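Trainee: My questions all concern the structure below.
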Amino acid sequence: MAYPPNQTDPNEPNRRLYNPYQDLQVPIQNLYKLPTSPEFLFQEEAIAQRRSWGENLTYYTGISYLTGAVAGAGVGFVEGVKASEPGDTLKLRINRVLNGSGHTGRKFGNRAGVIGLMYAGLESGMVSLRDTDDVINSVAAGLGTGALYKAAAGVRSAAVAGAIGGVVVGVAVTGKQMLRRYVPI
């Protein structure tokens, strides 16, 4: 059952349901006959105050790939500049920089995208298994992601990478909570 816009869930009166159409002006709604209440495939999605597993998968994979590609392009740029020789023409130097940026950016982006994909899948699986969304899910997903990513290198490497993944996610989640609490936005 969908609730009218800006109405609360009767099971949890302090939470307002998300309505993607609430800021649209009336003429647009009349012109296109848009619904006035949020549309969800399952009622559980309307009640939840978080992104769905598919949205998480897309978000984390995309952000990870983009971050890795930009960082890799920066590293490749530096490598391309260092690889230039005194007798090179400007065209050859630009070619080295572009080739280095593209090659390294692609490698870093693909690796980071895979890590983001694994993290999103593990975090969504933890939320589904535990039926709650808290810090434990995120840290466990970070542990699992690090361990899975380095599993082919051996048990010791997987354990170290898992610990690093858990610590990185723990610091990120703690930092996010600190920003929400102490930085007025």
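Labeling convention for the structure tokens: chains A, B, ... as they appear, residues from 1 per chain, ligands from 1 in order of appearance.
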Can you tell me which residues surround range 169-184 of chain A at a distance of at most 7 Å, considering only C-alpha atoms, apart from same-chain residues fewer than 3 positions away, and format the answer as a ChimeraX atom specification?
Mentor: /A:138-139,142,165-166
Trainee: Write the residues you've just listed into a file as a PDB file, in the first residue's frame, and include all heavy atoms for each of them.
Mentor:
ATOM      1  N   SER A 138      28.913  -2.744   7.549  1.00  0.00           N
ATOM      2  CA  SER A 138      29.906  -2.073   6.710  1.00  0.00           C
ATOM      3  C   SER A 138      31.313  -2.596   6.991  1.00  0.00           C
ATOM      4  O   SER A 138      32.074  -2.871   6.064  1.00  0.00           O
ATOM      5  CB  SER A 138      29.852  -0.562   6.953  1.00  0.00           C
ATOM      6  OG  SER A 138      28.585  -0.062   6.614  1.00  0.00           O
ATOM      7  N   VAL A 139      31.649  -2.732   8.266  1.00  0.00           N
ATOM      8  CA  VAL A 139      32.995  -3.206   8.613  1.00  0.00           C
ATOM      9  C   VAL A 139      33.186  -4.659   8.167  1.00  0.00           C
ATOM     10  O   VAL A 139      34.234  -5.025   7.636  1.00  0.00           O
ATOM     11  CB  VAL A 139      33.257  -3.030  10.127  1.00  0.00           C
ATOM     12  CG1 VAL A 139      34.564  -3.676  10.528  1.00  0.00           C
ATOM     13  CG2 VAL A 139      33.257  -1.555  10.486  1.00  0.00           C
ATOM     14  N   GLY A 142      33.800  -4.695   4.549  1.00  0.00           N
ATOM     15  CA  GLY A 142      35.172  -4.281   4.271  1.00  0.00           C
ATOM     16  C   GLY A 142      36.164  -5.401   4.531  1.00  0.00           C
ATOM     17  O   GLY A 142      37.084  -5.633   3.738  1.00  0.00           O
ATOM     18  N   GLY A 165      40.992  -3.726   4.914  1.00  0.00           N
ATOM     19  CA  GLY A 165      39.659  -3.339   4.439  1.00  0.00           C
ATOM     20  C   GLY A 165      38.723  -2.996   5.581  1.00  0.00           C
ATOM     21  O   GLY A 165      37.982  -2.005   5.514  1.00  0.00           O
ATOM     22  N   GLY A 166      38.734  -3.792   6.634  1.00  0.00           N
ATOM     23  CA  GLY A 166      37.879  -3.515   7.786  1.00  0.00           C
ATOM     24  C   GLY A 166      38.242  -2.211   8.469  1.00  0.00           C
ATOM     25  O   GLY A 166      37.367  -1.427   8.843  1.00  0.00           O
TER      26      GLY A 166
END
Trainee: Got a sec: who's within 8 Å of Asn99 in chain A, counting only C-alpha atoms, leaving out chain neighbours fewer than 3 positions off, as a PDB file with all heavy atoms, in the first residue's frame?
Mentor:
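The resulting file, result.pdb, is reproduced below:
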ATOM      1  N   GLY A  76      49.763   7.929 -13.864  1.00  0.00           N
ATOM      2  CA  GLY A  76      50.249   7.765 -15.233  1.00  0.00           C
ATOM      3  C   GLY A  76      50.788   9.057 -15.814  1.00  0.00           C
ATOM      4  O   GLY A  76      51.765   9.047 -16.577  1.00  0.00           O
ATOM      5  N   GLY A  80      54.476   9.443 -17.150  1.00  0.00           N
ATOM      6  CA  GLY A  80      54.718   9.916 -18.512  1.00  0.00           C
ATOM      7  C   GLY A  80      55.653  11.110 -18.548  1.00  0.00           C
ATOM      8  O   GLY A  80      56.514  11.220 -19.429  1.00  0.00           O
ATOM      9  N   ASN A  95      52.274  12.409 -26.176  1.00  0.00           N
ATOM     10  CA  ASN A  95      51.873  11.028 -26.429  1.00  0.00           C
ATOM     11  C   ASN A  95      52.229  10.139 -25.238  1.00  0.00           C
ATOM     12  O   ASN A  95      51.433   9.297 -24.820  1.00  0.00           O
ATOM     13  CB  ASN A  95      52.535  10.525 -27.707  1.00  0.00           C
ATOM     14  CG  ASN A  95      51.996   9.175 -28.128  1.00  0.00           C
ATOM     15  OD1 ASN A  95      50.910   8.785 -27.741  1.00  0.00           O
ATOM     16  ND2 ASN A  95      52.772   8.462 -28.916  1.00  0.00           N
ATOM     17  N   ARG A  96      53.417  10.294 -24.667  1.00  0.00           N
ATOM     18  CA  ARG A  96      53.815   9.507 -23.492  1.00  0.00           C
ATOM     19  C   ARG A  96      52.888   9.777 -22.309  1.00  0.00           C
ATOM     20  O   ARG A  96      52.490   8.857 -21.599  1.00  0.00           O
ATOM     21  CB  ARG A  96      55.249   9.831 -23.092  1.00  0.00           C
ATOM     22  CG  ARG A  96      56.291   9.224 -23.969  1.00  0.00           C
ATOM     23  CD  ARG A  96      57.672   9.601 -23.436  1.00  0.00           C
ATOM     24  NE  ARG A  96      58.689   9.419 -24.440  1.00  0.00           N
ATOM     25  CZ  ARG A  96      59.569   8.435 -24.417  1.00  0.00           C
ATOM     26  NH1 ARG A  96      59.557   7.567 -23.455  1.00  0.00           N
ATOM     27  NH2 ARG A  96      60.474   8.329 -25.373  1.00  0.00           N
ATOM     28  N   GLY A 102      46.244   7.009 -19.649  1.00  0.00           N
ATOM     29  CA  GLY A 102      45.183   6.084 -20.051  1.00  0.00           C
ATOM     30  C   GLY A 102      45.413   4.674 -19.556  1.00  0.00           C
ATOM     31  O   GLY A 102      44.508   4.017 -19.041  1.00  0.00           O
ATOM     32  N   HIS A 103      46.639   4.199 -19.699  1.00  0.00           N
ATOM     33  CA  HIS A 103      46.953   2.824 -19.291  1.00  0.00           C
ATOM     34  C   HIS A 103      46.827   2.654 -17.776  1.00  0.00           C
ATOM     35  O   HIS A 103      46.160   1.738 -17.295  1.00  0.00           O
ATOM     36  CB  HIS A 103      48.366   2.458 -19.756  1.00  0.00           C
ATOM     37  CG  HIS A 103      48.784   1.078 -19.359  1.00  0.00           C
ATOM     38  ND1 HIS A 103      48.235  -0.047 -19.931  1.00  0.00           N
ATOM     39  CD2 HIS A 103      49.681   0.636 -18.438  1.00  0.00           C
ATOM     40  CE1 HIS A 103      48.779  -1.122 -19.373  1.00  0.00           C
ATOM     41  NE2 HIS A 103      49.664  -0.725 -18.462  1.00  0.00           N
TER      42      HIS A 103
END
Trainee: I'd like the contact shell of range 145-155 of chain A - 8 Å cut-off, only C-alpha atoms, skipping same-chain residues fewer than 4 positions apart - returned as a PyMOL selection string.
Mentor: chain A and resi 115+118-119+122+141+159-166
Trainee: Counting only C-alpha atoms, which residue out of A:Ala140, A:Val168, A:Val75, A:Leu57 sits closest to Arg106 in chain A?
Mentor: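 Using only C-alpha atoms, the shortest distance to Arg106 in chain A belongs to A:Val75.
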Trainee: Between A:Val167, A:Ser157, A:Gly144, A:Gly113, which residue has the minimum interatomic distance to Tyr59 in chain A, considering only C-alpha atoms?
Mentor: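 Counting only C-alpha atoms, the residue closest to Tyr59 in chain A is A:Gly113.
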Trainee: In Å, rounded to a single decimal, give me how far CA of Gly68 in chain A is from CA of Glu85 in chain A.
Mentor: 27.8 Å
Trainee: To one decimal in Å, tell me the separation between CA of Gly116 in chain A and CA of Tyr60 in chain A.
Mentor: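 Taking CA of Gly116 in chain A as the start and CA of Tyr60 in chain A as the end point, the length is 5.0 Å.
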Trainee: By how many Å are CA of Ile94 in chain A and CA of Gly62 in chain A apart?
Mentor: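 Pair CA of Ile94 in chain A / CA of Gly62 in chain A returns 28.3 Å.
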Trainee: Using only C-alpha atoms, which residues sit within 9 Å of Trp53 in chain A once same-chain residues fewer than 4 positions away are excluded, as a list of chain:residue names?
Mentor: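 My reading of the contact set: A:Leu57, A:Thr58, A:Ala120, A:Gly121, A:Glu123, A:Ser124, A:Gly125.
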Trainee: Please identify all polymer residues within 12 Å of Ser84 in chain A, counting only C-alpha atoms, omitting same-chain residues fewer than 6 positions from it, and present them as an NGL selection string.
Mentor: :A and (77-78 or 90-98 or 100)
Trainee: List the neighbours of Ala112 in chain A out to 9 Å using only C-alpha atoms; skip same-chain residues closer than 2 positions along the sequence, and give me the result as a VMD selection string.
Mentor: chain A and resid 61 63 to 69 107 to 110 114 to 117
Trainee: Nearest to Ala71 in chain A among A:Arg51, A:Arg111, A:Thr132, A:Ala158, with distances taken over only C-alpha atoms: which residue is it?
Mentor: A:Arg111
